[in-house]
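Peer 1: First the structure, which I've put down as structure tokens, then a few questions once you've had a look.
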Number of protein chains: 2
Amino acid sequence: MTRMRPAAVVGDGVDAIDTPALVIDLDAMERNLAAMAAFAREHRVALRPHAKLHKSAAIARLQIAAGAVGVCVQKLSEAEVLADAGIADIYISNEVIAEPKLARLAALAGRIHLAVAVDSALGIDRLAAALKAAGSMADVFVEIDVGQGRCGVAPTAAGALAHQVVSHGLRFAGLQAYHGGAQHLRTAAEREAAIHHVVSLVRAAQAGITASGLRCPLVTGAGTGSFVFEAASGVYGELQAGSYLFMDRDYADNEPTPHAPHFEHALFVKSQVVSRGPSHAVVDAGHKSHAIDSGLPGVWQRELVFGNGGDEHGILRPRPDAGRAALPQLGETIWLVPGHCDPTVNLHDHYIGLRGGLANGVVEAVWPVDARGGVR
Amino acid sequence: MTRMRPAAVVGDGVDAIDTPALVIDLDAMERNLAAMAAFAREHRVALRPHAKLHKSAAIARLQIAAGAVGVCVQKLSEAEVLADAGIADIYISNEVIAEPKLARLAALAGRIHLAVAVDSALGIDRLAAALKAAGSMADVFVEIDVGQGRCGVAPTAAGALAHQVVSHGLRFAGLQAYHGGAQHLRTAAEREAAIHHVVSLVRAAQAGITASGLRCPLVTGAGTGSFVFEAASGVYGELQAGSYLFMDRDYADNEPTPHAPHFEHALFVKSQVVSRGPSHAVVDAGHKSHAIDSGLPGVWQRELVFGNGGDEHGILRPRPDAGRAALPQLGETIWLVPGHCDPTVNLHDHYIGLRGGLANGVVEAVWPVDARGGVR
């Protein structure tokens, strides 16, 4: 069984891209890629971008070519698909508990450099049993809860789990310490304060591990909203930021972080006006074309506001400061900026890679979203 | 390029279904299917269920075998996929404006019984040109806006469009009149009042069409929250309800409609606890496993509340009236009831069809979500 056919083929002009379609502005993406790679080099910190964003082997290869040490994923099925496509260094920054999944994980660890997070004694026991049965090895990060309130143990409990990892003969690789909520605090000062607290919790966990006689080789974490602070902390050796590549409406709503690279919007949903009323227009993109967990999409460079039109439509109205002349005509192209890129990408089977800008560009690449639907 | 491998194979016990997975309780779904078919027979109204819900040829075949005259879809790409899989009577209850799409639509109309909605002179002209070029024919419904405020013309404008349809030699099939917002008004009285107003608008449109010398063969519309009222109106000849098949948390939150069939929850996301804190548990299903446009999922038959855990996680806490003993253990299965089925289904590549109930059932069917991603 195959997927939907792509919205365009290589060589098409921008107007020929069928709608709705997930479109990368390749020029903008490459500038983002280079800016983040330069930041990591300059700050002597490893970059392991989160591929949960893009789910694409082609993009992972671009990141690795630009200096990334590998990629993160959230789910085993993402790791399997990217490994099949040639990505050889993958960290599942999440817990895996089901024994059939752990058997698959152990098999995967036999053919690539694989790491995984743990936050429970049961999880470590099962992981160790699966790796032993497969005769393979994985790096193991102990996840600590640094304020997200989701997975991870209290910093004071990290040492005991690290010892358990080592007692099974597994490689204790360090600490997973990510605060998702901190990424979206609107002011730079709030984000800095949140990461300051994160760093104090990481230091406490490190101290417990060191005091018990183990080394803590690496602390890994951080996202696009906060990585400048983790990089400056002196405790993080690896940054997992992913969204910098595409950016989204929600990250752009943050106050910029001083001394952070500037990232541009590089991911869009191309849509078309399919209906036009006296005071609104309707485009052919709704919740099945873009995720709305971080709010509705923005409208790119038009005096328009996007309103909820359900699964398959968006309702455009003029901005309060604009008149009815701002309304687009039937058939016009409207470029949407997704509120949140990760789950938006996961709705689409392909990326259409555009070179030369949204107005007059040409399709240079059609990339599958390889791990689309990889939730297991 | 292929899709994710399914979460189970036929014959697996329920415990072997990998998580997260989209699971149909086949017994409950078949009861829903039979109840709606009986309602339509009894009220002498045609049923054309909306396949935008399920996007599945296997399920469309079950609906047609139970008496449905065909199915609706929202997008041409859905129609193409379902036609390829053998569904021969499809109505695209939405506007198509792009000329390349209209050329595909016209080609499709050459091999199945196809209908489409229009709400503009430009749309009709382009549709007619495409059908003429292909030498094919389609049924054309004029969409009127009955309160949704999205697509459709004012009822008084329907006659002119109907005449334009006929002047091109196309088949004027009647009126598309659907009020999505009315489906989710919480009390039956509110829904009845909303549909009462819808019916008055439909009658006005019909009167204008008849006065100008045209017949209005059919009025089509209605959804799971309101179809009892459209069926009783005397003006609707065809019901498009789709969600009755699976139901979702949001529809179940409606006050029941008097004299409506009872529909059961038949669609679930199977999830697993992958992390456990002192006062919360974390399951492996987030926004990439279920849509949240109509709110977070419910937790099936547990004293638990689902909290937002981001793209890949859900955070479970005891209900206010339950104690910490309600928290599940690491590895436990948790069944989630999606807030909104349509965009939830669109996240998954396959349905796992379970026979014999969620506790001890056996996988009887693995069906592809054929038109997943069919947004164009």
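Within each chain, counting starts at residue 1; across the structure tokens, chains are named A, B, ... in the order shown, with ligands numbered 1 upward in that order.
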Residues of chain A no more than 7 Å from chain B, counting only C-alpha atoms: send them over as an mmCIF file with C-alpha atoms, in the first residue's frame.
Peer 2:
```
data_model
loop_
_atom_site.group_PDB
_atom_site.id
_atom_site.type_symbol
_atom_site.label_atom_id
_atom_site.label_comp_id
_atom_site.auth_asym_id
_atom_site.auth_seq_id
_atom_site.Cartn_x
_atom_site.Cartn_y
_atom_site.Cartn_z
ATOM 1 C CA MET A 1 0.000 0.000 0.000
ATOM 2 C CA THR A 2 1.408 3.363 -0.977
ATOM 3 C CA ARG A 3 0.871 6.900 0.146
ATOM 4 C CA MET A 4 -0.800 9.901 -1.414
ATOM 5 C CA THR A 19 -2.960 22.407 -2.498
ATOM 6 C CA PRO A 20 -2.883 21.975 0.386
ATOM 7 C CA GLU A 95 10.979 5.592 27.643
ATOM 8 C CA VAL A 96 10.200 2.202 26.088
ATOM 9 C CA ILE A 97 8.347 -0.281 28.294
ATOM 10 C CA ALA A 98 6.587 -2.883 26.111
ATOM 11 C CA ARG A 150 5.962 14.368 32.547
ATOM 12 C CA CYS A 151 8.558 11.601 32.331
ATOM 13 C CA VAL A 274 -11.971 27.767 -2.870
ATOM 14 C CA SER A 275 -14.930 29.893 -1.768
ATOM 15 C CA VAL A 282 -12.317 30.093 2.499
ATOM 16 C CA LYS A 288 -6.120 17.818 8.530
ATOM 17 C CA SER A 289 -3.455 20.010 6.882
ATOM 18 C CA GLY A 309 -12.999 26.369 9.460
ATOM 19 C CA ASP A 311 -10.969 19.792 9.308
ATOM 20 C CA ILE A 315 -11.746 31.079 7.059
ATOM 21 C CA GLY A 331 -8.381 30.682 -6.717
ATOM 22 C CA PRO A 343 2.457 17.599 14.327
ATOM 23 C CA LEU A 347 -0.077 15.055 8.698
ATOM 24 C CA HIS A 348 1.711 15.032 5.332
ATOM 25 C CA ASP A 349 3.307 12.277 3.265
ATOM 26 C CA GLY A 373 2.712 8.120 11.535
ATOM 27 C CA GLY A 374 5.639 6.672 13.486
ATOM 28 C CA VAL A 375 3.942 6.915 16.869
ATOM 29 C CA ARG A 376 4.895 3.444 18.130
#
```
Peer 1: Do a neighbour search on region 90-92 of chain A at 6 Å with only C-alpha atoms, toss out local chain neighbours closer than 2 positions, and write the hits as a list in words.
Peer 2: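 Selected residues are Gly70, Val71, Cys72, Val73, Gln74, Asn94, Leu114, Ala115 and Val116 of chain A.
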Peer 1: To test your reading of the structure, identify every residue in region 107-284 of chain B that backbone DSSP assigns to helix (DSSP H, G or I), and report it as a PDB file with N, CA and C atoms, in the first residue's frame.
Peer 2:
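Dumped everything to out-v1.pdb:
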```pdb
ATOM      1  N   ALA B 107     -11.875  13.360 -15.185  1.00  0.00           N
ATOM      2  CA  ALA B 107     -11.438  12.006 -15.546  1.00  0.00           C
ATOM      3  C   ALA B 107     -12.109  10.979 -14.639  1.00  0.00           C
ATOM      4  N   LEU B 108     -12.184  11.297 -13.350  1.00  0.00           N
ATOM      5  CA  LEU B 108     -12.829  10.381 -12.397  1.00  0.00           C
ATOM      6  C   LEU B 108     -14.306  10.216 -12.734  1.00  0.00           C
ATOM      7  N   ALA B 109     -14.937  11.305 -13.145  1.00  0.00           N
ATOM      8  CA  ALA B 109     -16.365  11.248 -13.489  1.00  0.00           C
ATOM      9  C   ALA B 109     -16.613  10.347 -14.690  1.00  0.00           C
ATOM     10  N   ALA B 121     -19.861  31.239  -9.733  1.00  0.00           N
ATOM     11  CA  ALA B 121     -19.962  31.214 -11.197  1.00  0.00           C
ATOM     12  C   ALA B 121     -18.656  30.718 -11.810  1.00  0.00           C
ATOM     13  N   LEU B 122     -17.534  31.186 -11.254  1.00  0.00           N
ATOM     14  CA  LEU B 122     -16.237  30.741 -11.764  1.00  0.00           C
ATOM     15  C   LEU B 122     -16.086  29.232 -11.623  1.00  0.00           C
ATOM     16  N   GLY B 123     -16.481  28.717 -10.455  1.00  0.00           N
ATOM     17  CA  GLY B 123     -16.381  27.275 -10.215  1.00  0.00           C
ATOM     18  C   GLY B 123     -17.208  26.483 -11.207  1.00  0.00           C
ATOM     19  N   ILE B 124     -18.404  26.954 -11.512  1.00  0.00           N
ATOM     20  CA  ILE B 124     -19.270  26.240 -12.463  1.00  0.00           C
ATOM     21  C   ILE B 124     -18.673  26.288 -13.866  1.00  0.00           C
ATOM     22  N   ASP B 125     -18.200  27.468 -14.267  1.00  0.00           N
ATOM     23  CA  ASP B 125     -17.601  27.584 -15.607  1.00  0.00           C
ATOM     24  C   ASP B 125     -16.411  26.637 -15.755  1.00  0.00           C
ATOM     25  N   ARG B 126     -15.556  26.629 -14.747  1.00  0.00           N
ATOM     26  CA  ARG B 126     -14.362  25.761 -14.836  1.00  0.00           C
ATOM     27  C   ARG B 126     -14.732  24.279 -14.816  1.00  0.00           C
ATOM     28  N   LEU B 127     -15.710  23.937 -13.970  1.00  0.00           N
ATOM     29  CA  LEU B 127     -16.157  22.544 -13.904  1.00  0.00           C
ATOM     30  C   LEU B 127     -16.715  22.115 -15.257  1.00  0.00           C
ATOM     31  N   ALA B 128     -17.553  22.964 -15.834  1.00  0.00           N
ATOM     32  CA  ALA B 128     -18.168  22.622 -17.124  1.00  0.00           C
ATOM     33  C   ALA B 128     -17.106  22.448 -18.204  1.00  0.00           C
ATOM     34  N   ALA B 129     -16.110  23.330 -18.191  1.00  0.00           N
ATOM     35  CA  ALA B 129     -15.042  23.239 -19.202  1.00  0.00           C
ATOM     36  C   ALA B 129     -14.260  21.936 -19.047  1.00  0.00           C
ATOM     37  N   ALA B 130     -13.994  21.567 -17.798  1.00  0.00           N
ATOM     38  CA  ALA B 130     -13.214  20.346 -17.562  1.00  0.00           C
ATOM     39  C   ALA B 130     -14.005  19.112 -17.983  1.00  0.00           C
ATOM     40  N   LEU B 131     -15.293  19.080 -17.640  1.00  0.00           N
ATOM     41  CA  LEU B 131     -16.112  17.920 -18.002  1.00  0.00           C
ATOM     42  C   LEU B 131     -16.262  17.825 -19.528  1.00  0.00           C
ATOM     43  N   LYS B 132     -16.406  18.987 -20.163  1.00  0.00           N
ATOM     44  CA  LYS B 132     -16.541  18.990 -21.621  1.00  0.00           C
ATOM     45  C   LYS B 132     -15.259  18.452 -22.268  1.00  0.00           C
ATOM     46  N   ALA B 133     -14.125  18.921 -21.737  1.00  0.00           N
ATOM     47  CA  ALA B 133     -12.849  18.470 -22.306  1.00  0.00           C
ATOM     48  C   ALA B 133     -12.672  16.967 -22.144  1.00  0.00           C
ATOM     49  N   ALA B 134     -13.188  16.426 -21.033  1.00  0.00           N
ATOM     50  CA  ALA B 134     -13.024  14.992 -20.773  1.00  0.00           C
ATOM     51  C   ALA B 134     -14.154  14.176 -21.379  1.00  0.00           C
ATOM     52  N   PRO B 155     -29.241  31.675   0.287  1.00  0.00           N
ATOM     53  CA  PRO B 155     -30.320  30.899  -0.337  1.00  0.00           C
ATOM     54  C   PRO B 155     -30.931  31.593  -1.551  1.00  0.00           C
ATOM     55  N   THR B 156     -31.028  32.904  -1.505  1.00  0.00           N
ATOM     56  CA  THR B 156     -31.633  33.635  -2.626  1.00  0.00           C
ATOM     57  C   THR B 156     -30.765  33.592  -3.880  1.00  0.00           C
ATOM     58  N   ALA B 157     -29.511  33.238  -3.747  1.00  0.00           N
ATOM     59  CA  ALA B 157     -28.605  33.213  -4.901  1.00  0.00           C
ATOM     60  C   ALA B 157     -28.529  31.824  -5.539  1.00  0.00           C
ATOM     61  N   ALA B 158     -29.213  30.833  -4.942  1.00  0.00           N
ATOM     62  CA  ALA B 158     -29.072  29.449  -5.430  1.00  0.00           C
ATOM     63  C   ALA B 158     -29.664  29.288  -6.830  1.00  0.00           C
ATOM     64  N   GLY B 159     -30.778  29.977  -7.071  1.00  0.00           N
ATOM     65  CA  GLY B 159     -31.451  29.802  -8.356  1.00  0.00           C
ATOM     66  C   GLY B 159     -30.570  30.178  -9.537  1.00  0.00           C
ATOM     67  N   ALA B 160     -29.862  31.294  -9.397  1.00  0.00           N
ATOM     68  CA  ALA B 160     -29.022  31.752 -10.510  1.00  0.00           C
ATOM     69  C   ALA B 160     -27.912  30.743 -10.798  1.00  0.00           C
ATOM     70  N   LEU B 161     -27.327  30.179  -9.736  1.00  0.00           N
ATOM     71  CA  LEU B 161     -26.262  29.187  -9.962  1.00  0.00           C
ATOM     72  C   LEU B 161     -26.844  27.909 -10.579  1.00  0.00           C
ATOM     73  N   ALA B 162     -28.034  27.516 -10.109  1.00  0.00           N
ATOM     74  CA  ALA B 162     -28.659  26.314 -10.679  1.00  0.00           C
ATOM     75  C   ALA B 162     -28.884  26.495 -12.182  1.00  0.00           C
ATOM     76  N   HIS B 163     -29.344  27.675 -12.551  1.00  0.00           N
ATOM     77  CA  HIS B 163     -29.554  27.956 -13.977  1.00  0.00           C
ATOM     78  C   HIS B 163     -28.247  27.912 -14.746  1.00  0.00           C
ATOM     79  N   GLN B 164     -27.191  28.427 -14.124  1.00  0.00           N
ATOM     80  CA  GLN B 164     -25.892  28.384 -14.800  1.00  0.00           C
ATOM     81  C   GLN B 164     -25.434  26.943 -15.020  1.00  0.00           C
ATOM     82  N   VAL B 165     -25.658  26.103 -14.002  1.00  0.00           N
ATOM     83  CA  VAL B 165     -25.305  24.679 -14.111  1.00  0.00           C
ATOM     84  C   VAL B 165     -26.027  24.071 -15.312  1.00  0.00           C
ATOM     85  N   VAL B 166     -27.333  24.319 -15.372  1.00  0.00           N
ATOM     86  CA  VAL B 166     -28.148  23.730 -16.441  1.00  0.00           C
ATOM     87  C   VAL B 166     -27.753  24.303 -17.808  1.00  0.00           C
ATOM     88  N   SER B 167     -27.409  25.608 -17.823  1.00  0.00           N
ATOM     89  CA  SER B 167     -27.079  26.241 -19.106  1.00  0.00           C
ATOM     90  C   SER B 167     -25.831  25.633 -19.725  1.00  0.00           C
ATOM     91  N   GLY B 181     -21.778  23.543  12.662  1.00  0.00           N
ATOM     92  CA  GLY B 181     -21.826  24.056  14.027  1.00  0.00           C
ATOM     93  C   GLY B 181     -23.025  23.549  14.806  1.00  0.00           C
ATOM     94  N   ALA B 182     -24.134  23.300  14.095  1.00  0.00           N
ATOM     95  CA  ALA B 182     -25.357  22.849  14.776  1.00  0.00           C
ATOM     96  C   ALA B 182     -25.180  21.471  15.397  1.00  0.00           C
ATOM     97  N   GLN B 183     -24.236  20.682  14.876  1.00  0.00           N
ATOM     98  CA  GLN B 183     -24.045  19.313  15.384  1.00  0.00           C
ATOM     99  C   GLN B 183     -23.613  19.314  16.845  1.00  0.00           C
ATOM    100  N   HIS B 184     -22.945  20.373  17.245  1.00  0.00           N
ATOM    101  CA  HIS B 184     -22.280  20.345  18.548  1.00  0.00           C
ATOM    102  C   HIS B 184     -22.926  21.255  19.581  1.00  0.00           C
ATOM    103  N   ALA B 188     -30.589  19.165  22.943  1.00  0.00           N
ATOM    104  CA  ALA B 188     -31.377  18.761  21.783  1.00  0.00           C
ATOM    105  C   ALA B 188     -32.244  19.922  21.301  1.00  0.00           C
ATOM    106  N   ALA B 189     -32.745  20.724  22.236  1.00  0.00           N
ATOM    107  CA  ALA B 189     -33.605  21.853  21.858  1.00  0.00           C
ATOM    108  C   ALA B 189     -32.832  22.874  21.023  1.00  0.00           C
ATOM    109  N   GLU B 190     -31.590  23.142  21.397  1.00  0.00           N
ATOM    110  CA  GLU B 190     -30.769  24.076  20.611  1.00  0.00           C
ATOM    111  C   GLU B 190     -30.526  23.531  19.203  1.00  0.00           C
ATOM    112  N   ARG B 191     -30.249  22.239  19.130  1.00  0.00           N
ATOM    113  CA  ARG B 191     -29.997  21.649  17.802  1.00  0.00           C
ATOM    114  C   ARG B 191     -31.273  21.681  16.960  1.00  0.00           C
ATOM    115  N   GLU B 192     -32.393  21.386  17.596  1.00  0.00           N
ATOM    116  CA  GLU B 192     -33.666  21.409  16.865  1.00  0.00           C
ATOM    117  C   GLU B 192     -33.958  22.819  16.335  1.00  0.00           C
ATOM    118  N   ALA B 193     -33.718  23.819  17.190  1.00  0.00           N
ATOM    119  CA  ALA B 193     -33.977  25.202  16.764  1.00  0.00           C
ATOM    120  C   ALA B 193     -33.057  25.583  15.603  1.00  0.00           C
ATOM    121  N   ALA B 194     -31.785  25.177  15.685  1.00  0.00           N
ATOM    122  CA  ALA B 194     -30.838  25.507  14.614  1.00  0.00           C
ATOM    123  C   ALA B 194     -31.278  24.862  13.301  1.00  0.00           C
ATOM    124  N   ILE B 195     -31.690  23.600  13.350  1.00  0.00           N
ATOM    125  CA  ILE B 195     -32.090  22.913  12.106  1.00  0.00           C
ATOM    126  C   ILE B 195     -33.430  23.450  11.600  1.00  0.00           C
ATOM    127  N   HIS B 196     -34.278  23.883  12.526  1.00  0.00           N
ATOM    128  CA  HIS B 196     -35.527  24.528  12.109  1.00  0.00           C
ATOM    129  C   HIS B 196     -35.206  25.746  11.221  1.00  0.00           C
ATOM    130  N   HIS B 197     -34.222  26.506  11.637  1.00  0.00           N
ATOM    131  CA  HIS B 197     -33.816  27.670  10.841  1.00  0.00           C
ATOM    132  C   HIS B 197     -33.175  27.235   9.518  1.00  0.00           C
ATOM    133  N   VAL B 198     -32.334  26.195   9.587  1.00  0.00           N
ATOM    134  CA  VAL B 198     -31.724  25.656   8.365  1.00  0.00           C
ATOM    135  C   VAL B 198     -32.814  25.291   7.357  1.00  0.00           C
ATOM    136  N   VAL B 199     -33.836  24.598   7.835  1.00  0.00           N
ATOM    137  CA  VAL B 199     -34.896  24.117   6.938  1.00  0.00           C
ATOM    138  C   VAL B 199     -35.630  25.297   6.298  1.00  0.00           C
ATOM    139  N   SER B 200     -35.798  26.379   7.068  1.00  0.00           N
ATOM    140  CA  SER B 200     -36.477  27.546   6.485  1.00  0.00           C
ATOM    141  C   SER B 200     -35.629  28.153   5.364  1.00  0.00           C
ATOM    142  N   LEU B 201     -34.311  28.120   5.528  1.00  0.00           N
ATOM    143  CA  LEU B 201     -33.422  28.637   4.477  1.00  0.00           C
ATOM    144  C   LEU B 201     -33.443  27.726   3.251  1.00  0.00           C
ATOM    145  N   VAL B 202     -33.461  26.424   3.506  1.00  0.00           N
ATOM    146  CA  VAL B 202     -33.533  25.472   2.385  1.00  0.00           C
ATOM    147  C   VAL B 202     -34.827  25.687   1.600  1.00  0.00           C
ATOM    148  N   ARG B 203     -35.935  25.856   2.332  1.00  0.00           N
ATOM    149  CA  ARG B 203     -37.224  26.076   1.645  1.00  0.00           C
ATOM    150  C   ARG B 203     -37.181  27.345   0.791  1.00  0.00           C
ATOM    151  N   ALA B 204     -36.538  28.380   1.317  1.00  0.00           N
ATOM    152  CA  ALA B 204     -36.438  29.632   0.550  1.00  0.00           C
ATOM    153  C   ALA B 204     -35.639  29.404  -0.739  1.00  0.00           C
ATOM    154  N   ALA B 205     -34.545  28.659  -0.632  1.00  0.00           N
ATOM    155  CA  ALA B 205     -33.731  28.367  -1.818  1.00  0.00           C
ATOM    156  C   ALA B 205     -34.527  27.526  -2.807  1.00  0.00           C
ATOM    157  N   GLN B 206     -35.229  26.518  -2.297  1.00  0.00           N
ATOM    158  CA  GLN B 206     -36.044  25.665  -3.174  1.00  0.00           C
ATOM    159  C   GLN B 206     -37.100  26.489  -3.913  1.00  0.00           C
ATOM    160  N   ALA B 207     -37.733  27.412  -3.160  1.00  0.00           N
ATOM    161  CA  ALA B 207     -38.803  28.208  -3.759  1.00  0.00           C
ATOM    162  C   ALA B 207     -38.268  29.063  -4.907  1.00  0.00           C
ATOM    163  N   GLY B 208     -37.087  29.639  -4.683  1.00  0.00           N
ATOM    164  CA  GLY B 208     -36.496  30.457  -5.735  1.00  0.00           C
ATOM    165  C   GLY B 208     -36.178  29.633  -6.972  1.00  0.00           C
ATOM    166  N   ILE B 209     -35.672  28.412  -6.748  1.00  0.00           N
ATOM    167  CA  ILE B 209     -35.324  27.536  -7.879  1.00  0.00           C
ATOM    168  C   ILE B 209     -36.592  27.129  -8.635  1.00  0.00           C
ATOM    169  N   THR B 210     -37.616  26.739  -7.889  1.00  0.00           N
ATOM    170  CA  THR B 210     -38.857  26.282  -8.516  1.00  0.00           C
ATOM    171  C   THR B 210     -39.529  27.423  -9.269  1.00  0.00           C
ATOM    172  N   ALA B 211     -39.546  28.606  -8.652  1.00  0.00           N
ATOM    173  CA  ALA B 211     -40.194  29.760  -9.289  1.00  0.00           C
ATOM    174  C   ALA B 211     -39.543  30.107 -10.620  1.00  0.00           C
ATOM    175  N   PHE B 227     -29.280  14.754  12.585  1.00  0.00           N
ATOM    176  CA  PHE B 227     -29.973  14.141  11.438  1.00  0.00           C
ATOM    177  C   PHE B 227     -31.430  13.797  11.707  1.00  0.00           C
ATOM    178  N   VAL B 228     -31.802  13.583  12.986  1.00  0.00           N
ATOM    179  CA  VAL B 228     -33.196  13.280  13.305  1.00  0.00           C
ATOM    180  C   VAL B 228     -34.098  14.434  12.857  1.00  0.00           C
ATOM    181  N   PHE B 229     -33.586  15.643  13.016  1.00  0.00           N
ATOM    182  CA  PHE B 229     -34.393  16.816  12.659  1.00  0.00           C
ATOM    183  C   PHE B 229     -34.459  17.001  11.136  1.00  0.00           C
ATOM    184  N   GLU B 230     -33.333  16.834  10.451  1.00  0.00           N
ATOM    185  CA  GLU B 230     -33.367  16.934   8.987  1.00  0.00           C
ATOM    186  C   GLU B 230     -34.281  15.843   8.413  1.00  0.00           C
ATOM    187  N   ALA B 231     -34.190  14.627   8.967  1.00  0.00           N
ATOM    188  CA  ALA B 231     -35.019  13.527   8.449  1.00  0.00           C
ATOM    189  C   ALA B 231     -36.502  13.830   8.626  1.00  0.00           C
ATOM    190  N   ALA B 232     -36.849  14.520   9.708  1.00  0.00           N
ATOM    191  CA  ALA B 232     -38.258  14.828  10.001  1.00  0.00           C
ATOM    192  C   ALA B 232     -38.751  16.058   9.245  1.00  0.00           C
ATOM    193  N   SER B 233     -37.843  16.766   8.579  1.00  0.00           N
ATOM    194  CA  SER B 233     -38.197  18.077   8.002  1.00  0.00           C
ATOM    195  C   SER B 233     -39.069  17.972   6.759  1.00  0.00           C
ATOM    196  N   SER B 243     -20.292  10.298  11.685  1.00  0.00           N
ATOM    197  CA  SER B 243     -19.685   9.986  12.986  1.00  0.00           C
ATOM    198  C   SER B 243     -20.452   8.945  13.792  1.00  0.00           C
ATOM    199  N   TYR B 244     -21.744   8.730  13.452  1.00  0.00           N
ATOM    200  CA  TYR B 244     -22.540   7.712  14.157  1.00  0.00           C
ATOM    201  C   TYR B 244     -21.812   6.371  14.205  1.00  0.00           C
ATOM    202  N   LEU B 245     -20.988   6.131  13.207  1.00  0.00           N
ATOM    203  CA  LEU B 245     -20.334   4.822  13.092  1.00  0.00           C
ATOM    204  C   LEU B 245     -19.369   4.565  14.244  1.00  0.00           C
ATOM    205  N   ARG B 249     -15.855  11.514  21.807  1.00  0.00           N
ATOM    206  CA  ARG B 249     -16.122  12.091  23.122  1.00  0.00           C
ATOM    207  C   ARG B 249     -17.007  13.309  22.986  1.00  0.00           C
ATOM    208  N   ASP B 250     -16.769  14.111  21.930  1.00  0.00           N
ATOM    209  CA  ASP B 250     -17.528  15.345  21.804  1.00  0.00           C
ATOM    210  C   ASP B 250     -19.003  15.071  21.525  1.00  0.00           C
ATOM    211  N   TYR B 251     -19.321  14.156  20.612  1.00  0.00           N
ATOM    212  CA  TYR B 251     -20.733  13.851  20.351  1.00  0.00           C
ATOM    213  C   TYR B 251     -21.391  13.247  21.592  1.00  0.00           C
ATOM    214  N   ALA B 252     -20.650  12.442  22.316  1.00  0.00           N
ATOM    215  CA  ALA B 252     -21.227  11.832  23.522  1.00  0.00           C
ATOM    216  C   ALA B 252     -21.518  12.877  24.590  1.00  0.00           C
TER     217      ALA B 252
END
```
Peer 1: Can you pull out every residue within 8 Å of region 22-27 of chain A, counting only C-alpha atoms, but drop anything in the same chain fewer than 5 positions away, and send it as a VMD selection string?
Peer 2: chain A and resid 246 266 to 270 345 348 350 to 358
Peer 1: Suppose we keep C-alpha atoms; can you now write the selection as an mmCIF file, in the first residue's frame?
Peer 2:
```cif
data_model
loop_
_atom_site.group_PDB
_atom_site.id
_atom_site.type_symbol
_atom_site.label_atom_id
_atom_site.label_comp_id
_atom_site.auth_asym_id
_atom_site.auth_seq_id
_atom_site.Cartn_x
_atom_site.Cartn_y
_atom_site.Cartn_z
ATOM 1 C CA PHE A 246 11.598 25.297 10.103
ATOM 2 C CA ALA A 266 11.029 27.887 6.322
ATOM 3 C CA LEU A 267 7.944 25.641 6.429
ATOM 4 C CA PHE A 268 4.608 26.601 4.936
ATOM 5 C CA VAL A 269 1.315 25.076 3.963
ATOM 6 C CA LYS A 270 0.364 26.240 0.502
ATOM 7 C CA VAL A 345 4.612 17.653 9.327
ATOM 8 C CA HIS A 348 1.711 15.032 5.332
ATOM 9 C CA HIS A 350 5.787 14.506 1.433
ATOM 10 C CA TYR A 351 7.729 17.730 1.575
ATOM 11 C CA ILE A 352 7.853 19.870 -1.521
ATOM 12 C CA GLY A 353 11.245 21.602 -1.461
ATOM 13 C CA LEU A 354 11.107 24.985 -3.191
ATOM 14 C CA ARG A 355 14.191 26.897 -4.430
ATOM 15 C CA GLY A 356 14.010 30.590 -5.205
ATOM 16 C CA GLY A 357 11.279 31.812 -2.890
ATOM 17 C CA LEU A 358 7.532 31.475 -2.496
#
```
Peer 1: Using CA of Gly110 (chain A) and CA of Ala138 (chain A) as the two end points, give the distance in Å to one decimal.
Peer 2: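 Between these atoms lies a distance of 8.7 Å.
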Peer 1: Identify, on the basis of only C-alpha atoms, every residue whose closest approach to region 219-223 of chain A does not exceed 8 Å; exclude the query and any residue fewer than 2 positions from it along the same chain; express the result as a ChimeraX atom specification.
Peer 2: /A:174-180,183,216-217,225-227,230,235-243
Peer 1: To one decimal place, how far is CA of Arg41 (chain B) from CA of Leu185 (chain B) in Å?
Peer 2: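 Separation of CA of Arg41 (chain B) and CA of Leu185 (chain B): 26.4 Å.
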Peer 1: Would you list the contacts of Trp300 (chain A) as a list in words, taking every protein, DNA or RNA residue within 10 Å and counting only C-alpha atoms, but skipping same-chain residues closer than 6 positions in sequence?
Peer 2: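 Near neighbours after the sequence-gap exclusion: His265, Phe268, Val269, Ile334, Trp335, Leu336 and Val337 of chain A.
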